[in-house]
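Q: Take a look at start06.cif, mmCIF, C-alpha atoms:
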data_my_file
loop_
_atom_site.label_atom_id
_atom_site.label_comp_id
_atom_site.auth_asym_id
_atom_site.auth_seq_id
_atom_site.Cartn_x
_atom_site.Cartn_y
_atom_site.Cartn_z
CA MET A 8 -3.98 44.64 39.26
CA ILE A 9 -0.92 46.75 40.15
CA TYR A 10 2.15 44.97 41.47
CA PHE A 11 4.54 46.85 43.73
CA VAL A 12 7.66 45.46 45.33
CA SER A 13 10.05 47.72 47.22
CA GLN A 14 13.49 47.86 45.63
CA MET A 15 15.05 46.91 48.97
CA ASP A 16 12.83 43.81 49.17
CA LYS A 17 14.53 42.47 46.05
CA ILE A 18 17.63 40.40 46.64
CA THR A 19 18.85 41.50 43.21
CA GLU A 20 18.77 45.15 44.35
CA GLN A 21 20.57 44.70 47.67
CA PRO A 22 23.91 46.52 48.08
CA SER A 23 27.02 44.82 46.78
CA ARG A 24 29.15 42.99 49.32
CA TYR A 25 32.09 44.99 48.00
CA ARG A 26 32.82 48.69 48.58
CA HIS A 27 34.89 51.30 46.75
CA LEU A 28 35.23 49.34 43.55
CA GLU A 29 36.97 52.28 41.89
CA LYS A 30 39.90 51.89 44.32
CA MET A 31 40.51 48.23 43.44
CA SER A 32 43.28 47.19 41.10
CA THR A 33 42.32 45.48 37.86
CA THR A 34 43.40 42.13 39.29
CA GLU A 35 41.32 42.71 42.43
CA LEU A 36 38.27 43.62 40.36
CA LEU A 37 38.54 40.50 38.22
CA SER A 38 39.26 38.24 41.17
CA ASN A 39 36.24 39.50 43.09
CA ILE A 40 33.93 39.24 40.07
CA ASN A 41 35.18 35.69 39.52
CA THR A 42 34.54 34.84 43.17
CA GLU A 43 30.95 36.00 42.83
CA ASP A 44 30.49 34.14 39.55
CA LYS A 45 31.53 30.87 41.21
CA SER A 46 28.42 31.03 43.37
CA VAL A 47 26.04 30.84 40.41
CA PRO A 48 26.24 27.08 39.63
CA LEU A 49 25.73 26.34 43.32
CA ALA A 50 22.56 28.44 43.34
CA ILE A 51 21.31 26.60 40.25
CA GLU A 52 22.03 23.24 41.88
CA LYS A 53 19.39 24.05 44.49
CA VAL A 54 16.65 24.35 41.88
CA LEU A 55 17.52 21.39 39.65
CA PRO A 56 14.26 19.58 40.62
CA GLN A 57 12.23 22.56 39.40
CA ILE A 58 14.20 22.74 36.14
CA ALA A 59 13.69 18.99 35.64
CA GLN A 60 9.92 19.39 36.04
CA LEU A 61 9.87 22.09 33.39
CA VAL A 62 12.02 20.06 30.98
CA ASP A 63 9.56 17.16 31.13
CA VAL A 64 6.55 19.44 30.69
CA VAL A 65 8.07 21.21 27.67
CA ALA A 66 9.10 17.92 26.04
CA ASP A 67 5.60 16.47 26.50
CA LYS A 68 3.99 19.62 25.09
CA MET A 69 6.29 19.59 22.06
CA LEU A 70 5.47 15.95 21.39
CA ALA A 71 1.82 17.06 21.31
CA GLY A 72 2.65 19.71 18.71
CA GLY A 73 3.39 22.61 21.05
CA ARG A 74 6.15 25.21 21.14
CA LEU A 75 8.37 26.87 23.74
CA PHE A 76 8.22 30.64 24.13
CA TYR A 77 10.68 32.80 26.05
CA ILE A 78 9.51 36.29 26.94
CA GLY A 79 11.50 38.99 28.70
CA ALA A 80 12.85 42.53 28.64
CA GLY A 81 16.39 43.89 28.36
CA THR A 82 19.14 41.40 29.15
CA SER A 83 16.61 38.72 30.08
CA GLY A 84 14.81 39.07 26.76
CA ARG A 85 18.06 38.98 24.82
CA LEU A 86 19.16 35.79 26.60
CA GLY A 87 15.90 34.10 25.62
CA ILE A 88 16.34 35.15 22.00
CA VAL A 89 19.92 33.83 21.97
CA ASP A 90 18.83 30.44 23.30
CA ALA A 91 15.90 30.18 20.88
CA SER A 92 18.05 31.16 17.90
CA GLU A 93 20.63 28.49 18.69
CA CYS A 94 18.18 25.57 18.72
CA PRO A 95 17.68 25.18 14.94
CA PRO A 96 21.38 25.07 13.95
CA THR A 97 22.36 22.94 16.94
CA PHE A 98 19.53 20.43 16.95
CA GLY A 99 18.05 20.71 13.44
CA VAL A 100 14.58 21.74 14.63
CA PRO A 101 12.33 24.25 12.82
CA HIS A 102 12.84 27.93 13.64
CA GLY A 103 9.32 28.21 15.01
CA LEU A 104 9.70 25.52 17.67
CA VAL A 105 11.49 27.72 20.23
CA ILE A 106 10.64 31.42 20.03
CA GLY A 107 12.17 34.32 21.93
CA LEU A 108 10.26 37.58 22.44
CA ILE A 109 11.62 40.83 23.88
CA ALA A 110 9.83 43.93 25.09
CA GLY A 111 10.15 46.57 22.39
CA GLY A 112 10.47 44.06 19.55
CA ASP A 113 13.53 43.24 17.47
CA ALA A 114 14.86 46.79 17.76
CA ALA A 115 15.36 46.17 21.49
CA ILE A 116 17.82 43.34 20.82
CA ARG A 117 20.55 45.88 20.09
CA LYS A 118 19.29 49.03 21.78
CA ALA A 119 17.04 49.56 24.79
CA VAL A 120 13.52 50.73 23.95
CA GLU A 121 12.36 53.24 26.53
CA ARG A 122 9.58 52.03 28.86
CA ALA A 123 8.80 48.98 26.68
CA GLU A 124 9.05 46.68 29.70
CA ASP A 125 6.43 48.68 31.61
CA ASP A 126 3.53 47.75 29.31
CA MET A 127 1.36 45.08 30.98
CA GLU A 128 -0.62 44.36 27.81
CA GLN A 129 2.05 44.16 25.10
CA GLY A 130 3.52 40.79 26.14
CA TRP A 131 0.23 39.01 25.50
CA LEU A 132 -0.25 40.91 22.23
CA ASP A 133 3.21 39.78 21.11
CA LEU A 134 2.33 36.16 21.93
CA MET A 135 -0.99 36.42 20.10
CA ALA A 136 0.89 37.24 16.90
CA TYR A 137 2.07 33.59 16.99
CA GLN A 138 -1.44 32.17 17.56
CA ILE A 139 -0.36 30.81 20.90
CA GLY A 140 -2.44 27.92 22.24
CA PRO A 141 -2.84 25.37 25.04
CA ASN A 142 -0.09 23.07 23.72
CA ASP A 143 2.50 25.82 24.11
CA VAL A 144 4.65 26.72 27.13
CA VAL A 145 5.58 30.31 27.97
CA VAL A 146 8.67 30.96 30.10
CA GLY A 147 8.96 34.47 31.51
CA ILE A 148 12.55 35.57 32.11
CA ALA A 149 12.98 38.40 34.60
CA ALA A 150 15.83 38.76 37.08
CA SER A 151 13.77 41.05 39.30
CA GLY A 152 10.56 39.09 38.86
CA THR A 153 8.65 42.37 38.61
CA THR A 154 8.76 43.22 34.89
CA PRO A 155 5.20 44.29 33.89
CA TYR A 156 5.64 43.11 30.27
CA VAL A 157 6.35 39.59 31.55
CA ILE A 158 3.81 39.60 34.39
CA GLY A 159 0.97 40.62 32.09
CA ALA A 160 1.83 37.99 29.50
CA LEU A 161 2.01 35.17 32.04
CA LYS A 162 -1.18 36.28 33.79
CA THR A 163 -3.20 36.21 30.57
CA CYS A 164 -1.66 32.88 29.58
CA ARG A 165 -2.78 31.29 32.84
CA GLU A 166 -6.28 32.70 32.41
CA LYS A 167 -6.43 31.01 29.01
CA GLY A 168 -5.06 27.66 30.18
CA ILE A 169 -1.58 28.02 28.69
CA THR A 170 1.26 26.54 30.76
CA THR A 171 3.56 29.16 32.29
CA ALA A 172 6.99 29.13 33.91
CA CYS A 173 9.61 31.66 34.87
CA ILE A 174 13.31 32.09 35.52
CA THR A 175 13.91 34.76 38.13
CA CYS A 176 16.50 35.62 40.77
CA ASN A 177 14.20 36.84 43.55
CA THR A 178 11.84 34.81 45.71
CA GLY A 179 8.09 35.31 45.92
CA SER A 180 7.96 37.70 42.98
CA PRO A 181 4.87 38.64 40.90
CA VAL A 182 6.34 36.75 37.93
CA ALA A 183 6.65 33.59 40.03
CA MET A 184 3.07 34.06 41.28
CA GLN A 185 1.88 33.86 37.66
CA SER A 186 3.94 30.74 36.87
CA ASP A 187 2.87 27.12 37.04
CA PHE A 188 6.54 26.16 37.18
CA PRO A 189 8.57 28.92 38.87
CA ILE A 190 12.36 28.64 38.89
CA GLU A 191 13.86 31.03 41.44
CA ILE A 192 17.67 31.11 41.31
CA VAL A 193 18.87 33.24 44.22
CA VAL A 194 22.41 34.37 43.45
CA GLY A 195 22.51 37.22 45.98
CA PRO A 196 23.55 40.85 45.50
CA GLU A 197 25.45 41.75 42.36
CA PHE A 198 29.10 42.85 42.35
CA VAL A 199 27.92 46.22 41.03
CA THR A 200 24.74 46.90 42.99
CA GLY A 201 21.66 46.10 40.90
CA SER A 202 23.58 45.14 37.73
CA THR A 203 21.61 41.99 37.00
CA ARG A 204 23.36 41.40 33.68
CA MET A 205 26.12 39.90 35.84
CA LYS A 206 25.36 36.97 38.19
CA SER A 207 21.62 36.99 37.50
CA GLY A 208 22.22 37.02 33.74
CA THR A 209 24.72 34.19 34.07
CA ALA A 210 22.22 32.16 36.09
CA GLN A 211 19.52 32.71 33.49
CA LYS A 212 21.86 31.74 30.66
CA LEU A 213 22.95 28.53 32.39
CA CYS A 214 19.34 27.64 33.16
CA LEU A 215 18.29 28.23 29.55
CA ASN A 216 21.19 26.06 28.35
CA MET A 217 19.97 23.26 30.60
CA LEU A 218 16.34 23.64 29.63
CA SER A 219 16.68 23.67 25.85
CA THR A 220 19.47 21.08 25.72
CA ALA A 221 17.68 18.61 27.98
CA VAL A 222 14.41 19.07 26.08
CA MET A 223 16.12 18.42 22.76
CA ILE A 224 17.80 15.29 24.14
CA ARG A 225 14.41 14.08 25.41
CA LEU A 226 13.04 14.65 21.89
CA GLY A 227 15.78 12.50 20.35
CA ARG A 228 17.71 15.33 18.71
CA VAL A 229 21.01 14.08 20.22
CA GLU A 230 22.38 10.54 19.92
CA ASP A 231 25.09 9.30 22.26
CA ASN A 232 26.74 12.68 22.93
CA LYS A 233 26.61 14.02 19.38
CA MET A 234 24.58 16.71 17.56
CA VAL A 235 23.56 14.35 14.78
CA ASN A 236 20.83 16.70 13.55
CA MET A 237 22.86 19.92 13.41
CA GLN A 238 22.49 22.11 10.33
CA LEU A 239 25.47 22.21 7.98
CA THR A 240 25.61 26.00 7.76
CA ASN A 241 29.39 26.54 7.61
CA ASP A 242 32.68 24.74 6.96
CA LYS A 243 33.31 24.13 10.66
CA LEU A 244 30.01 22.28 11.07
CA VAL A 245 30.53 20.31 7.86
CA ASP A 246 33.94 19.23 9.17
CA ARG A 247 32.47 18.29 12.55
CA GLY A 248 29.67 16.30 10.92
CA THR A 249 32.10 14.58 8.57
CA LYS A 250 34.26 13.42 11.46
CA MET A 251 31.19 12.17 13.33
CA LEU A 252 30.02 10.21 10.32
CA ALA A 253 33.47 8.80 9.58
CA GLU A 254 33.65 7.52 13.16
CA LEU A 255 30.10 6.14 13.23
CA LEU A 256 30.36 4.32 9.91
CA ASP A 257 34.09 3.55 10.04
CA ILE A 258 34.72 5.11 6.64
CA GLU A 259 37.30 7.52 5.22
CA TYR A 260 36.91 11.28 5.72
CA GLU A 261 36.25 12.13 2.06
CA GLU A 262 33.62 9.44 1.69
CA ALA A 263 31.98 10.57 4.92
CA LYS A 264 31.89 14.17 3.68
CA LYS A 265 30.34 13.06 0.40
CA GLN A 266 27.61 11.10 2.21
CA LEU A 267 26.99 13.92 4.69
CA LEU A 268 26.48 16.53 1.99
CA LEU A 269 24.32 14.14 -0.01
CA HIS A 270 21.91 13.41 2.84
CA GLY A 271 22.07 16.73 4.73
CA SER A 272 22.72 15.51 8.28
CA VAL A 273 24.67 12.91 10.19
CA LYS A 274 21.49 11.15 11.27
CA LYS A 275 20.05 10.92 7.75
CA ALA A 276 23.36 9.69 6.38
CA VAL A 277 23.53 6.96 9.02
CA GLN A 278 19.93 5.95 8.31
CA ALA A 279 20.63 5.76 4.58
CA HIS A 280 23.72 3.61 5.20
CA SER A 281 21.71 1.22 7.36
CA LYS A 282 19.12 0.50 4.67
#
I'd like the structure from this file rewritten - as structure tokens, please.

A:
Amino acid sequence: MIYFVSQMDKITEQPSRYRHLEKMSTTELLSNINTEDKSVPLAIEKVLPQIAQLVDVVADKMLAGGRLFYIGAGTSGRLGIVDASECPPTFGVPHGLVIGLIAGGDAAIRKAVERAEDDMEQGWLDLMAYQIGPNDVVVGIAASGTTPYVIGALKTCREKGITTACITCNTGSPVAMQSDFPIEIVVGPEFVTGSTRMKSGTAQKLCLNMLSTAVMIRLGRVEDNKMVNMQLTNDKLVDRGTKMLAELLDIEYEEAKKQLLLHGSVKKAVQAHSK
């Protein structure tokens, strides 16, 4: 099946509300960009029920042994990879629990790979490398909603009974049509016409923050408001964990640090102290 959507039908491709950007002062440019950026959280607010549905589905699937996959191209793919890569150090989960895939492979993280996003088959092939199954959830990220790499992956997933979702910034897109849980965040035309790394990218990033953070809280990876399972990968995080533990156990800083390093996480140190 070939999907075709006119560029002018896409909200993300509509002309900017601003003209003659090159004639604006630096202050005017920044002020106008900031004005546009302020509209993004309001657009996300409108789709909070859809995000909530997806959070609950992902959490349930993970409790059954499943994983969360993000798949996208260009900026969208990079945003998924960033979110996936931050879950292990922040929440202490295995690296394979949240996985980000980008059209063109790892090389495309730093440099665009020509025409990689136009391959309808490669997305599914990339997912197959991880032995994807019915307990997993695949979230396609595509500002336009028309990226063939993402459409093809989601379509095959649905055919095989794998739960699909998407984060897009157009309505009624092919990507949404292949999603069990579509999230359509309509932020309007970009400040620079068609530059979806701006408002659309911000919307996707905020949505991904919500999704992964809420899922991890549902899975018990946060207690009270603290990252009690974070990995102690640098001095800053050791210091943060030490202060958490000192507060939780009402002990001195040095003793808290000793216990933290001994047990490897705030949560494990608290559990050991309680025994």

Q: Could you tell me which of A:Leu226, A:Ile40, A:Ala136, A:Ile58 comes closest to Ile192 (chain A) if we count all atoms listed in the file?

A: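 Checking each of A:Leu226, A:Ile40, A:Ala136, A:Ile58 against Ile192 (chain A), counting all atoms listed in the file, the winner is A:Ile58.
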
Q: Have a look at A:Cys176, A:Cys164, A:Leu28, A:Leu75 and name the one nearest to Val194 (chain A); count only C-alpha atoms.

A: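 Checking each of A:Cys176, A:Cys164, A:Leu28, A:Leu75 against Val194 (chain A), counting only C-alpha atoms, the winner is A:Cys176.
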
Q: What is the distance between CA of Thr33 (chain A) and CA of Ser207 (chain A), in Å to one decimal?

A: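 Calculated distance between CA of Thr33 (chain A) and CA of Ser207 (chain A) is 22.4 Å.
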
Q: Can you list, as JSON, numbers by chain, every protein, DNA or RNA residue that comes within 12 Å of Glu261 (chain A) when you count only C-alpha atoms, leaving out same-chain residues fewer than 4 positions away?

A: {"A": [245, 246, 248, 249, 250, 252, 253, 257, 265, 266, 267, 268]}

Q: What residues come out when you apply the PyMOL selection byres ((chain A and resi 83) around 9) to this file, written as a ChimeraX atom specification?

A: /A:78-82,84-88,109,147-150,204,208,211-212

Q: Using all atoms listed in the file, pick whichever of A:Gln238, A:Glu20, A:Lys68, A:Glu93 has the shortest atom-to-atom distance to Asn216 (chain A).

A: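 Answer, going by the shortest atom-to-atom distance: A:Glu93.
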
Q: Tell me which of A:Leu55, A:Phe188, A:Leu36, A:Thr42 sits closest to Met217 (chain A), counting all atoms listed in the file.

A: A:Leu55

Q: Could you check the closest approach to Glu191 (chain A) for each of A:Val62, A:Cys214, A:Leu134, A:Val229 and tell me which residue wins, using all atoms listed in the file?

A: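 Nearest to Glu191 (chain A): A:Cys214.
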
Q: Select all residues near (9.0, 19.9, 19.0) (cut-off 6 Å, inclusive, file coordinates), counting all atoms listed in the file, and output them as a PyMOL selection string.

A: chain A and resi 69-70+104

Q: Go ahead and compute the interatomic distance for CA of Val54 (chain A) and CA of Ile190 (chain A), in Å to one decimal.

A: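 It comes out at 6.8 Å.
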
Q: Please compute the CA of Lys167 (chain A)-CA of Pro181 (chain A) distance, one decimal, in Å.

A: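 CA of Pro181 (chain A) lies at a distance of 18.1 Å from CA of Lys167 (chain A).
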
Q: If we count only C-alpha atoms and set the cut-off at 8 Å, which residues sit around Tyr156 (chain A), ignoring sequence neighbours fewer than 4 positions away in its own chain? Please answer as a list in words.

A: Gly79, Ala80, Ala110, Ala123, Glu124, Asp125, Asp126, Met127, Glu128, Gln129, Gly130 and Ala160 of chain A

Q: With all atoms listed in the file as the basis for distance, which of A:Cys173, A:Val182, A:Val100, A:Ala210 is at the shortest distance from Gly159 (chain A)?

A: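 Nearest candidate to Gly159 (chain A) out of A:Cys173, A:Val182, A:Val100, A:Ala210: A:Val182.
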
Q: With all atoms listed in the file as the counted atoms, please give the residues lying no more than 8 Å from Val47 (chain A), apart from itself and same-chain residues fewer than 3 positions off, as a ChimeraX atom specification.

A: /A:43-44,50-51,194,206,209-210

Q: For Glu230 (chain A), list every protein, DNA or RNA residue within 12 Å, evaluated using all atoms listed in the file, and leave out those in the same chain fewer than 6 positions away; present the list as a list in words.

A: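 Within the cut-off, the hits are Phe98, Met223, Ile224, Asn236, Met237, Met251, Leu255, Val273, Lys274 and Val277 of chain A.
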
Q: At a cut-off of 10 Å, using all atoms listed in the file, what residues contact Gln21 (chain A)? Leave out same-chain residues fewer than 2 positions from it and give the result as a short mmCIF file (atom, residue, chain, number, x, y, z; two decimals) with C-alpha atoms, in the coordinates of the input.

A:
data_model
loop_
_atom_site.label_atom_id
_atom_site.label_comp_id
_atom_site.auth_asym_id
_atom_site.auth_seq_id
_atom_site.Cartn_x
_atom_site.Cartn_y
_atom_site.Cartn_z
CA GLN A 14 13.49 47.86 45.63
CA MET A 15 15.05 46.91 48.97
CA ASP A 16 12.83 43.81 49.17
CA LYS A 17 14.53 42.47 46.05
CA ILE A 18 17.63 40.40 46.64
CA THR A 19 18.85 41.50 43.21
CA SER A 23 27.02 44.82 46.78
CA ARG A 24 29.15 42.99 49.32
CA GLY A 195 22.51 37.22 45.98
CA PRO A 196 23.55 40.85 45.50
CA GLU A 197 25.45 41.75 42.36
CA THR A 200 24.74 46.90 42.99
CA GLY A 201 21.66 46.10 40.90
#

Q: Mind listing whatever residues come within 9 Å of the point (9.8, 26.9, 24.3)? Use all atoms listed in the file, file coordinates, and give them as a ChimeraX atom specification.

A: /A:65,69,73-77,91,104-107,143-146,219

Q: With C-alpha atoms as the atom set, please write region 44-67 of chain A from the structure just given, as a PDB file, in the first residue's frame.

A:
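Heads up, here's the output in out.pdb:
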ATOM      1  CA  ASP A  44       7.031  27.438  22.274  1.00  0.00           C
ATOM      2  CA  LYS A  45       4.537  28.457  24.974  1.00  0.00           C
ATOM      3  CA  SER A  46       1.749  26.872  22.946  1.00  0.00           C
ATOM      4  CA  VAL A  47       3.258  23.382  23.136  1.00  0.00           C
ATOM      5  CA  PRO A  48       2.240  22.416  26.720  1.00  0.00           C
ATOM      6  CA  LEU A  49      -1.294  23.602  25.987  1.00  0.00           C
ATOM      7  CA  ALA A  50      -1.451  21.334  22.940  1.00  0.00           C
ATOM      8  CA  ILE A  51      -0.218  18.406  25.040  1.00  0.00           C
ATOM      9  CA  GLU A  52      -2.829  19.121  27.703  1.00  0.00           C
ATOM     10  CA  LYS A  53      -5.522  18.292  25.150  1.00  0.00           C
ATOM     11  CA  VAL A  54      -4.206  14.756  24.667  1.00  0.00           C
ATOM     12  CA  LEU A  55      -3.436  13.828  28.284  1.00  0.00           C
ATOM     13  CA  PRO A  56      -6.197  11.145  28.285  1.00  0.00           C
ATOM     14  CA  GLN A  57      -4.547   9.435  25.314  1.00  0.00           C
ATOM     15  CA  ILE A  58      -1.116   9.589  26.953  1.00  0.00           C
ATOM     16  CA  ALA A  59      -2.598   8.155  30.168  1.00  0.00           C
ATOM     17  CA  GLN A  60      -4.061   5.207  28.244  1.00  0.00           C
ATOM     18  CA  LEU A  61      -0.682   4.446  26.731  1.00  0.00           C
ATOM     19  CA  VAL A  62       1.111   4.702  30.093  1.00  0.00           C
ATOM     20  CA  ASP A  63      -1.205   2.092  31.605  1.00  0.00           C
ATOM     21  CA  VAL A  64      -0.854  -0.230  28.616  1.00  0.00           C
ATOM     22  CA  VAL A  65       2.959  -0.023  28.631  1.00  0.00           C
ATOM     23  CA  ALA A  66       3.146  -0.588  32.398  1.00  0.00           C
ATOM     24  CA  ASP A  67       0.876  -3.650  32.152  1.00  0.00           C
TER      25      ASP A  67
END
